[in-house]
file my_file02.pdb (PDB, C-alpha atoms)
MODEL        1
ATOM      1  CA  MET A  23      68.276  36.136  -2.034
ATOM      2  CA  LEU A  24      67.258  32.547  -2.582
ATOM      3  CA  HIS A  25      69.128  29.398  -1.678
ATOM      4  CA  GLU A  26      69.553  26.706  -4.319
ATOM      5  CA  ALA A  27      67.382  24.412  -2.209
ATOM      6  CA  ASP A  28      64.509  26.910  -2.416
ATOM      7  CA  LEU A  29      64.317  26.152  -6.131
ATOM      8  CA  ILE A  30      64.617  22.354  -6.087
ATOM      9  CA  GLU A  31      60.881  21.858  -6.506
ATOM     10  CA  TYR A  32      61.023  23.873  -9.724
ATOM     11  CA  GLY A  33      63.494  21.496 -11.361
ATOM     12  CA  ILE A  34      66.783  23.365 -11.535
ATOM     13  CA  GLY A  35      68.419  20.905 -13.884
ATOM     14  CA  SER A  36      66.003  21.382 -16.752
ATOM     15  CA  THR A  37      64.711  24.934 -16.533
ATOM     16  CA  GLY A  38      67.808  27.076 -16.018
ATOM     17  CA  LEU A  39      66.706  28.659 -12.748
ATOM     18  CA  THR A  40      70.276  29.264 -11.664
ATOM     19  CA  THR A  41      72.716  31.509 -13.483
ATOM     20  CA  VAL A  42      76.185  32.991 -13.166
ATOM     21  CA  GLU A  43      76.094  36.456 -11.634
ATOM     22  CA  HIS A  44      79.098  38.690 -12.328
ATOM     23  CA  VAL A  45      80.076  40.925  -9.399
ATOM     24  CA  VAL A  46      81.677  43.353 -11.837
ATOM     25  CA  PRO A  47      79.250  43.296 -14.788
ATOM     26  CA  GLN A  48      80.509  42.136 -18.143
ATOM     27  CA  SER A  49      79.397  45.496 -19.515
ATOM     28  CA  GLU A  50      81.939  47.185 -17.207
ATOM     29  CA  ASP A  51      84.826  44.762 -17.614
ATOM     30  CA  ALA A  52      84.460  41.871 -20.036
ATOM     31  CA  GLY A  53      87.923  40.695 -19.031
ATOM     32  CA  GLN A  54      86.541  39.468 -15.706
ATOM     33  CA  SER A  55      83.748  37.421 -17.260
ATOM     34  CA  ASN A  56      85.407  34.126 -16.377
ATOM     35  CA  THR A  57      87.397  35.217 -13.333
ATOM     36  CA  TYR A  58      86.629  32.823 -10.470
ATOM     37  CA  ALA A  59      86.261  35.505  -7.773
ATOM     38  CA  ASN A  60      83.956  37.552 -10.008
ATOM     39  CA  CYS A  61      81.421  34.783 -10.611
ATOM     40  CA  LEU A  62      78.609  33.951  -8.197
ATOM     41  CA  TYR A  63      75.883  31.344  -8.323
ATOM     42  CA  ALA A  64      72.549  33.206  -8.383
ATOM     43  CA  CYS A  65      68.948  32.487  -9.212
ATOM     44  CA  ARG A  66      67.774  33.965 -12.474
ATOM     45  CA  TRP A  67      65.301  36.263 -10.686
ATOM     46  CA  CYS A  68      68.075  38.088  -8.821
ATOM     47  CA  ASN A  69      70.337  38.124 -11.860
ATOM     48  CA  ARG A  70      67.573  39.476 -14.081
ATOM     49  CA  SER A  71      66.607  42.109 -11.496
ATOM     50  CA  ARG A  72      70.114  43.487 -11.355
ATOM     51  CA  SER A  73      70.641  43.295 -15.112
ATOM     52  CA  LYS A  74      73.517  45.694 -15.874
ATOM     53  CA  LEU A  75      73.436  47.813 -12.724
ATOM     54  CA  PRO A  76      77.004  48.789 -11.771
ATOM     55  CA  LEU A  77      78.878  47.474  -8.745
ATOM     56  CA  HIS A  78      78.886  50.998  -7.235
ATOM     57  CA  ASP A  79      75.898  53.337  -7.261
ATOM     58  CA  GLY A  80      77.911  56.554  -7.498
ATOM     59  CA  SER A  81      77.018  57.608  -3.941
ATOM     60  CA  GLY A  82      79.553  55.479  -2.116
ATOM     61  CA  ASN A  83      77.384  52.380  -1.884
ATOM     62  CA  VAL A  84      78.304  48.992  -3.303
ATOM     63  CA  LEU A  85      76.400  45.834  -4.183
ATOM     64  CA  LEU A  86      77.030  43.374  -1.370
ATOM     65  CA  ASN A  87      78.907  40.225  -2.271
ATOM     66  CA  PRO A  88      77.389  37.341  -0.251
ATOM     67  CA  THR A  89      80.741  35.532  -0.244
ATOM     68  CA  THR A  90      82.625  38.388   1.418
ATOM     69  CA  SER A  91      80.047  40.447   3.337
ATOM     70  CA  ALA A  92      78.108  39.381   6.426
ATOM     71  CA  TRP A  93      74.638  40.466   5.409
ATOM     72  CA  ALA A  94      73.532  40.668   9.037
ATOM     73  CA  ASP A  95      75.665  43.823   9.192
ATOM     74  CA  HIS A  96      73.556  45.395   6.450
ATOM     75  CA  PHE A  97      70.071  43.920   6.924
ATOM     76  CA  GLU A  98      67.679  42.891   9.634
ATOM     77  CA  VAL A  99      64.914  40.368   9.058
ATOM     78  CA  ARG A 100      61.338  41.526   9.541
ATOM     79  CA  ASP A 101      58.541  39.123   8.643
ATOM     80  CA  ASP A 102      60.861  37.343   6.196
ATOM     81  CA  LYS A 103      61.735  40.613   4.485
ATOM     82  CA  LEU A 104      65.289  41.945   4.548
ATOM     83  CA  SER A 105      65.196  45.504   5.865
ATOM     84  CA  PRO A 106      68.340  47.483   4.919
ATOM     85  CA  LYS A 107      70.407  49.069   7.690
ATOM     86  CA  THR A 108      73.060  50.620   5.443
ATOM     87  CA  GLY A 109      73.291  52.421   2.136
ATOM     88  CA  SER A 110      74.927  49.411   0.521
ATOM     89  CA  GLY A 111      72.167  47.244   1.933
ATOM     90  CA  LYS A 112      69.547  49.503   0.360
ATOM     91  CA  TYR A 113      71.333  49.522  -2.993
ATOM     92  CA  THR A 114      71.567  45.725  -2.889
ATOM     93  CA  GLU A 115      67.905  45.357  -1.916
ATOM     94  CA  VAL A 116      66.768  47.488  -4.841
ATOM     95  CA  ALA A 117      69.225  46.022  -7.351
ATOM     96  CA  TYR A 118      68.236  42.420  -6.677
ATOM     97  CA  SER A 119      64.557  43.085  -5.828
ATOM     98  CA  ILE A 120      65.243  41.198  -2.626
ATOM     99  CA  ASN A 121      61.798  41.837  -1.177
ATOM    100  CA  ASP A 122      59.883  40.794  -4.255
ATOM    101  CA  PRO A 123      56.769  38.924  -2.981
ATOM    102  CA  PHE A 124      57.863  35.651  -4.596
ATOM    103  CA  LYS A 125      61.246  35.765  -2.863
ATOM    104  CA  VAL A 126      59.703  36.686   0.490
ATOM    105  CA  GLN A 127      57.303  33.763   0.121
ATOM    106  CA  ARG A 128      60.162  31.354  -0.604
ATOM    107  CA  ARG A 129      62.164  32.678   2.375
ATOM    108  CA  ALA A 130      59.150  32.235   4.656
ATOM    109  CA  ALA A 131      58.676  28.663   3.444
ATOM    110  CA  ARG A 132      62.398  27.995   3.976
ATOM    111  CA  ARG A 133      62.340  29.421   7.514
ATOM    112  CA  LYS A 134      59.310  27.373   8.531
ATOM    113  CA  LEU A 135      60.764  24.187   7.067
ATOM    114  CA  ILE A 136      64.128  24.696   8.765
ATOM    115  CA  GLU A 137      62.480  25.489  12.104
ATOM    116  CA  ARG A 138      60.348  22.333  11.952
ATOM    117  CA  CYS A 139      63.234  20.123  10.877
ATOM    118  CA  ARG A 140      65.663  21.625  13.377
ATOM    119  CA  THR A 141      63.224  21.065  16.250
ATOM    120  CA  LEU A 142      62.681  17.477  15.144
ATOM    121  CA  VAL A 143      66.412  16.719  14.825
ATOM    122  CA  LEU A 144      67.209  18.237  18.220
ATOM    123  CA  GLU A 145      64.258  16.978  20.257
ATOM    124  CA  ALA A 146      63.092  13.710  18.690
ATOM    125  CA  PRO A 147      66.063  11.534  19.756
ATOM    126  CA  ALA A 148      65.108  11.952  23.423
ATOM    127  CA  GLU A 149      61.519  10.989  22.604
ATOM    128  CA  ILE A 150      62.702   7.955  20.633
ATOM    129  CA  GLU A 151      64.805   6.904  23.617
ATOM    130  CA  ARG A 152      61.784   7.299  25.903
ATOM    131  CA  LEU A 153      59.636   5.198  23.569
ATOM    132  CA  SER A 154      62.339   2.529  23.506
ATOM    133  CA  ARG A 155      62.224   2.330  27.289
ATOM    134  CA  VAL A 156      58.438   2.006  27.162
ATOM    135  CA  VAL A 157      58.800  -0.846  24.673
ATOM    136  CA  GLY A 158      61.169  -2.591  27.068
ATOM    137  CA  HIS A 159      58.775  -2.245  29.995
ATOM    138  CA  LEU A 160      55.818  -3.465  27.939
ATOM    139  CA  ALA A 161      57.760  -6.430  26.579
ATOM    140  CA  ALA A 162      58.862  -7.361  30.098
ATOM    141  CA  SER A 163      55.198  -7.347  31.125
ATOM    142  CA  ASP A 164      54.251  -9.600  28.195
ATOM    143  CA  ALA A 165      52.214  -6.762  26.653
ATOM    144  CA  LEU A 166      53.659  -7.643  23.268
ATOM    145  CA  ASP A 167      50.920  -6.113  21.104
ATOM    146  CA  GLU A 168      51.196  -2.791  22.922
ATOM    147  CA  ALA A 169      54.990  -2.986  22.702
ATOM    148  CA  GLU A 170      54.782  -3.422  18.929
ATOM    149  CA  VAL A 171      52.506  -0.376  18.615
ATOM    150  CA  VAL A 172      54.980   1.791  20.540
ATOM    151  CA  ARG A 173      57.915   0.301  18.614
ATOM    152  CA  SER A 174      56.148   1.253  15.380
ATOM    153  CA  LEU A 175      55.717   4.822  16.647
ATOM    154  CA  ALA A 176      59.429   5.005  17.446
ATOM    155  CA  ARG A 177      60.316   3.705  13.975
ATOM    156  CA  ARG A 178      58.110   6.288  12.265
ATOM    157  CA  LEU A 179      59.579   9.063  14.375
ATOM    158  CA  ASN A 180      63.082   7.872  13.511
ATOM    159  CA  GLU A 181      62.166   7.947   9.808
ATOM    160  CA  GLN A 182      60.885  11.505  10.204
ATOM    161  CA  VAL A 183      64.179  12.522  11.817
ATOM    162  CA  ALA A 184      66.088  11.025   8.879
ATOM    163  CA  LEU A 185      63.948  13.005   6.427
ATOM    164  CA  ALA A 186      64.443  16.172   8.485
ATOM    165  CA  ARG A 187      68.217  15.680   8.356
ATOM    166  CA  GLN A 188      68.058  15.320   4.578
ATOM    167  CA  ALA A 189      66.024  18.517   4.308
ATOM    168  CA  LEU A 190      68.493  20.434   6.488
ATOM    169  CA  GLU A 191      71.447  19.134   4.482
ATOM    170  CA  ARG A 192      69.986  20.856   1.419
ATOM    171  CA  TYR A 193      70.485  24.188   3.186
ATOM    172  CA  GLN A 194      74.046  23.670   4.393
ATOM    173  CA  GLY A 195      76.368  26.631   3.943
ATOM    174  CA  VAL A 196      78.881  24.242   2.381
ATOM    175  CA  PRO A 197      77.008  21.708   0.190
ATOM    176  CA  VAL A 198      77.274  18.016   1.000
ATOM    177  CA  ASP A 199      78.893  17.285  -2.357
ATOM    178  CA  ALA A 200      81.362  20.194  -2.222
ATOM    179  CA  ASP A 201      84.936  19.376  -3.156
ATOM    180  CA  LYS A 202      86.842  19.262   0.129
ATOM    181  CA  ALA A 203      90.093  20.082  -1.703
ATOM    182  CA  CYS A 204      89.243  23.758  -2.134
ATOM    183  CA  ARG A 205      91.458  25.691  -4.539
ATOM    184  CA  CYS A 206      92.283  28.146  -1.729
ATOM    185  CA  ARG A 207      93.509  25.194   0.395
ATOM    186  CA  LEU A 208      91.756  26.614   3.449
ATOM    187  CA  GLU A 209      89.073  24.996   5.547
ATOM    188  CA  PRO A 210      85.699  26.584   4.703
ATOM    189  CA  THR A 211      84.504  28.916   7.444
ATOM    190  CA  MET A 212      81.166  30.547   8.144
ATOM    191  CA  PRO A 213      80.505  34.152   9.179
ATOM    192  CA  PRO A 214      79.836  34.314  12.958
ATOM    193  CA  GLN A 215      76.169  35.158  12.341
ATOM    194  CA  VAL A 216      75.799  31.914  10.399
ATOM    195  CA  ALA A 217      78.090  29.753  12.522
ATOM    196  CA  GLU A 218      76.049  30.360  15.669
ATOM    197  CA  GLN A 219      72.995  28.851  13.957
ATOM    198  CA  LEU A 220      74.716  25.627  12.901
ATOM    199  CA  ILE A 221      73.792  22.250  14.330
ATOM    200  CA  ALA A 222      75.603  18.946  13.845
ATOM    201  CA  LEU A 223      73.752  16.565  11.532
ATOM    202  CA  CYS A 224      75.900  13.526  12.262
TER     203      CYS A 224
ENDMDL
END
call {"tool": "encode", "arguments": {"input": "my_file02.pdb", "output": "structure tokens"}}
result
Amino acid sequence: MLHEADLIEYGIGSTGLTTVEHVVPQSEDAGQSNTYANCLYACRWCNRSRSKLPLHDGSGNVLLNPTTSAWADHFEVRDDKLSPKTGSGKYTEVAYSINDPFKVQRRAARRKLIERCRTLVLEAPAEIERLSRVVGHLAASDALDEAEVVRSLARRLNEQVALARQALERYQGVPVDADKACRCRLEPTMPPQVAEQLIALC
């Protein structure tokens, strides 16, 4: 599956890359077409891949709903591919063409970006603090030109951290602009597998 942020560079607003996916297909139950719990936000590639496949495959397997199922229970990640561990995982993989080369490529790009940004956000502040101390020592020694060079390095690093934070915010489980007054009146929570990967961005 792709995250909305994976598609930003393609211009979501003008090209219709995101669609409404119906958990129970309209062909099975048109009455649920506009039911809140039956509608998911999905990229058009996944929606098109599934087409009219039913919720159940007839062998006891069900298409996994990403809002109610922890996918780590059904898949393991291998080289940015999602390898099914359960029958429902396999049915979901096939239905949504989850390991289509394009999707694997986008997941790999996402992983690398998040890893780089996460490392920068977590480790750069200590380096910026160290550079600030160096600036202080140089200034105290009247090495003002050298101090300005180091100060400039610290500023650039700080700018890179700010950009990394912005990039990570695009991949938040709960979007930055999400309405905090959720209709369910509950605080949004993350599955444990996701929660353990979270870092504070403020």
call {"tool": "closest_residue", "arguments": {"input": "my_file02.pdb", "among": "A:Tyr63, A:Trp93, A:Tyr193, A:Tyr113", "to": "Ser81 in chain A", "atoms": "all atoms listed in the file"}}
result
A:Tyr113
call {"tool": "resolve_selection", "arguments": {"input": "my_file02.pdb", "expression": "the PyMOL selection byres ((chain A and resi 44) around 9)", "output": "CSV table (one decimal) with C-alpha atoms, keeping the file's coordinate frame"}}
result
chain,number,residue,atom,x,y,z
A,42,VAL,CA,76.2,33.0,-13.2
A,43,GLU,CA,76.1,36.5,-11.6
A,45,VAL,CA,80.1,40.9,-9.4
A,46,VAL,CA,81.7,43.4,-11.8
A,47,PRO,CA,79.2,43.3,-14.8
A,48,GLN,CA,80.5,42.1,-18.1
A,54,GLN,CA,86.5,39.5,-15.7
A,55,SER,CA,83.7,37.4,-17.3
A,56,ASN,CA,85.4,34.1,-16.4
A,60,ASN,CA,84.0,37.6,-10.0
A,61,CYS,CA,81.4,34.8,-10.6
A,62,LEU,CA,78.6,34.0,-8.2
A,63,TYR,CA,75.9,31.3,-8.3
A,69,ASN,CA,70.3,38.1,-11.9
call {"tool": "atom_distance", "arguments": {"input": "my_file02.pdb", "atom1": "CA of Asp101 in chain A", "atom2": "CA of Arg133 in chain A"}}
result
10.5 Å
call {"tool": "residues_around", "arguments": {"input": "my_file02.pdb", "residues": "Ala184 in chain A", "least_positions_apart": "6", "cutoff": "12 Å", "atoms": "only C-alpha atoms", "output": "ChimeraX atom specification"}}
result
/A:139-140,142-144,146-147,177-178,190-191,223-224
call {"tool": "atom_distance", "arguments": {"input": "my_file02.pdb", "atom1": "CA of Ile150 in chain A", "atom2": "CA of Ala186 in chain A"}}
result
14.8 Å
call {"tool": "atom_distance", "arguments": {"input": "my_file02.pdb", "atom1": "CA of Val126 in chain A", "atom2": "CA of Gly82 in chain A"}}
result
27.5 Å
call {"tool": "axis_aligned_box", "arguments": {"input": "my_file02.pdb", "around": "range 68-74 of chain A", "padding_each_side": "6 Å", "output": "AutoDock Vina command-line options"}}
result
--center_x 70.1 --center_y 41.9 --center_z -12.3 --size_x 18.9 --size_y 19.6 --size_z 19.1
call {"tool": "resolve_selection", "arguments": {"input": "my_file02.pdb", "expression": "the PyMOL selection byres ((chain A and resi 77) around 10)", "output": "list of chain:residue names"}}
result
A:His44, A:Val45, A:Val46, A:Pro47, A:Glu50, A:Arg72, A:Lys74, A:Leu75, A:Pro76, A:His78, A:Asp79, A:Gly80, A:Asn83, A:Val84, A:Leu85, A:Leu86, A:Asn87, A:Tyr113, A:Thr114, A:Ala117
call {"tool": "resolve_selection", "arguments": {"input": "my_file02.pdb", "expression": "the PyMOL selection byres ((chain A and resi 103) around 10)", "output": "list in words"}}
result
Phe97, Glu98, Val99, Arg100, Asp101, Asp102, Leu104, Ser105, Pro106, Ile120, Asn121, Asp122, Pro123, Lys125, Val126, Gln127, Arg129 and Ala130 of chain A
call {"tool": "write_last_selection", "arguments": {"input": "my_file02.pdb", "atoms": "C-alpha atoms", "output": "compact mmCIF listing (two decimals), in the frame of the given file"}}
result
# COMPACT_ATOMS: atom_id res chain seq x y z
CA PHE A 97 70.07 43.92 6.92
CA GLU A 98 67.68 42.89 9.63
CA VAL A 99 64.91 40.37 9.06
CA ARG A 100 61.34 41.53 9.54
CA ASP A 101 58.54 39.12 8.64
CA ASP A 102 60.86 37.34 6.20
CA LEU A 104 65.29 41.94 4.55
CA SER A 105 65.20 45.50 5.86
CA PRO A 106 68.34 47.48 4.92
CA ILE A 120 65.24 41.20 -2.63
CA ASN A 121 61.80 41.84 -1.18
CA ASP A 122 59.88 40.79 -4.26
CA PRO A 123 56.77 38.92 -2.98
CA LYS A 125 61.25 35.76 -2.86
CA VAL A 126 59.70 36.69 0.49
CA GLN A 127 57.30 33.76 0.12
CA ARG A 129 62.16 32.68 2.38
CA ALA A 130 59.15 32.24 4.66
call {"tool": "closest_residue", "arguments": {"input": "my_file02.pdb", "among": "A:Ala169, A:Ala59, A:Leu185, A:Leu153", "to": "Arg138 in chain A", "atoms": "only C-alpha atoms"}}
result
A:Leu185
